[in-house]
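So this block is upload04.pdb, PDB, C-alpha atoms, pLDDT in the B column:
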ATOM      1  CA  MET N 974       0.000   0.000   0.000  1.00 47.00           C
ATOM      2  CA  SER N 975       1.096   3.510  -0.641  1.00 49.00           C
ATOM      3  CA  GLU N 976       2.515   5.557   2.200  1.00 54.00           C
ATOM      4  CA  ASN N 977       0.985   8.708   0.667  1.00 56.00           C
ATOM      5  CA  ILE N 978      -2.334   8.344   2.488  1.00 57.00           C
ATOM      6  CA  PHE N 979      -4.233  11.420   3.587  1.00 61.00           C
ATOM      7  CA  ARG N 980      -4.286  11.938   7.351  1.00 73.00           C
ATOM      8  CA  LYS N 981      -8.044  12.654   7.259  1.00 79.00           C
ATOM      9  CA  MET N 982     -10.624  11.973   4.568  1.00 82.00           C
ATOM     10  CA  LEU N 983     -14.379  11.870   4.148  1.00 82.00           C
ATOM     11  CA  ASP N 984     -16.195   8.599   3.622  1.00 78.00           C
ATOM     12  CA  VAL N 985     -19.067   8.392   1.125  1.00 77.00           C
ATOM     13  CA  THR N 986     -21.364   8.860   4.144  1.00 76.00           C
ATOM     14  CA  ASP N 987     -19.540  12.137   5.012  1.00 81.00           C
ATOM     15  CA  VAL N 988     -17.930  10.591   8.090  1.00 82.00           C
ATOM     16  CA  GLU N 989     -14.383  11.803   8.660  1.00 85.00           C
ATOM     17  CA  LEU N 990     -11.961   8.876   8.572  1.00 87.00           C
ATOM     18  CA  THR N 991      -8.470   8.875  10.037  1.00 88.00           C
ATOM     19  CA  PRO N 992      -6.483   5.928   8.632  1.00 84.00           C
ATOM     20  CA  ARG N 993      -3.734   4.581  10.936  1.00 86.00           C
ATOM     21  CA  GLU N 994      -5.462   6.064  14.001  1.00 87.00           C
ATOM     22  CA  PRO N 995      -8.439   3.809  14.793  1.00 85.00           C
ATOM     23  CA  ALA N 996      -8.909   5.251  18.291  1.00 86.00           C
ATOM     24  CA  VAL N 997      -9.838   8.685  16.907  1.00 86.00           C
ATOM     25  CA  CYS N 998     -11.361   7.644  13.583  1.00 87.00           C
ATOM     26  CA  HIS N 999     -15.043   8.584  13.398  1.00 87.00           C
ATOM     27  CA  GLY N1000     -15.726   5.523  11.259  1.00 85.00           C
ATOM     28  CA  ASN N1001     -14.969   3.013  14.021  1.00 84.00           C
ATOM     29  CA  LYS N1002     -18.493   3.295  15.538  1.00 82.00           C
ATOM     30  CA  GLU N1003     -17.091   4.255  18.955  1.00 78.00           C
ATOM     31  CA  GLN N1004     -17.452   7.964  18.156  1.00 73.00           C
ATOM     32  CA  GLY N1005     -21.226   7.836  17.667  1.00 78.00           C
ATOM     33  CA  PHE N1006     -21.185   7.480  13.877  1.00 78.00           C
ATOM     34  CA  GLU N1007     -21.961   4.491  11.670  1.00 79.00           C
ATOM     35  CA  CYS N1008     -19.173   1.908  11.415  1.00 85.00           C
ATOM     36  CA  CYS N1009     -17.344   2.348   8.100  1.00 83.00           C
ATOM     37  CA  CYS N1010     -14.552  -0.184   8.658  1.00 85.00           C
ATOM     38  CA  ASP N1011     -16.040  -2.913   6.461  1.00 84.00           C
ATOM     39  CA  GLU N1012     -15.989  -0.668   3.395  1.00 83.00           C
ATOM     40  CA  CYS N1013     -12.834   1.321   4.191  1.00 85.00           C
ATOM     41  CA  ASP N1014     -10.105   1.132   1.548  1.00 84.00           C
ATOM     42  CA  TYR N1015      -7.492   1.719   4.257  1.00 84.00           C
ATOM     43  CA  TYR N1016      -8.751  -0.834   6.804  1.00 86.00           C
ATOM     44  CA  LEU N1017      -5.445  -2.692   7.094  1.00 86.00           C
ATOM     45  CA  LEU N1018      -3.565   0.510   7.949  1.00 86.00           C
ATOM     46  CA  CYS N1019      -5.298   0.398  11.326  1.00 87.00           C
ATOM     47  CA  PHE N1020      -3.600  -2.936  12.014  1.00 84.00           C
ATOM     48  CA  PRO N1021       0.158  -2.399  11.565  1.00 79.00           C
ATOM     49  CA  GLU N1022       0.869  -5.852  13.012  1.00 82.00           C
ATOM     50  CA  PHE N1023      -0.669  -7.347   9.866  1.00 77.00           C
ATOM     51  CA  ASP N1024       1.906  -7.266   7.112  1.00 71.00           C
ATOM     52  CA  PRO N1025       1.399  -9.739   4.246  1.00 67.00           C
ATOM     53  CA  LYS N1026       5.079  -9.471   3.297  1.00 71.00           C
ATOM     54  CA  LYS N1027       6.178 -10.629   6.753  1.00 67.00           C
ATOM     55  CA  GLN N1028       3.785 -13.574   6.704  1.00 59.00           C
ATOM     56  CA  LYS N1029       5.248 -14.898   3.442  1.00 56.00           C
ATOM     57  CA  ASN N1030       8.771 -15.115   4.878  1.00 53.00           C
TER      58      ASN N1030
END

How does this structure look as structure tokens?
Amino acid sequence: MSENIFRKMLDVTDVELTPREPAVCHGNKEQGFECCCDECDYYLLCFPEFDPKKQKN
């Protein structure tokens, strides 16, 4: 994945997403908004421990 990801972006539902920072992301449902994680293009950035390259080695 590209490292040139915006720090904040709007989802199609106008919820502000913050990839790489799931604790403050409004799309994680904990902030009172609808959960957007299932449809988020940057979902895996919130889980840095998951790296497909490391799993292959």

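For Lys981 (chain N), the non-local neighbours within 8 Å, defined as residues at least 4 positions apart in the same chain or in other chains and counting all atoms listed in the file, are Glu989, Leu990, Thr991 and Pro992 of chain N.
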
Checklist entry - So how far away is CA of Leu983 (chain N) from CA of Glu1003 (chain N), in Å? => result 16.9 Å

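A straight line drawn from CA of Cys1019 (chain N) to CA of Gly1000 (chain N) is 11.6 Å long.
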
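CA of Ala996 (chain N) to CA of Lys1026 (chain N) spans 25.2 Å [interatomic distance, one decimal].
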
Checklist entry - What residues come out when you apply the PyMOL selection byres ((chain N and resi 1015) around 9) to this file, written as a ChimeraX atom specification? => result /N:974,978,992-993,1010,1012-1014,1016-1019

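Once the PyMOL selection byres ((chain N and resi 1006) around 12) is applied to the depicted file, the selected set reads Asp984, Thr986, Asp987, Val988, Glu989, Leu990, Val997, Cys998, His999, Gly1000, Asn1001, Lys1002, Glu1003, Gln1004, Gly1005, Glu1007, Cys1008, Cys1009 and Cys1010 of chain N.
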
Would you place a box with edges along x, y and z of the file around all atoms of region 1011-1025 of chain N listed there, add 8 Å to each of its six sides, and report the centre and edge lengths in Å to one decimal, as AutoDock Vina command-line options?
--center_x -7.1 --center_y -4.0 --center_z 7.3 --size_x 33.9 --size_y 27.5 --size_z 27.5
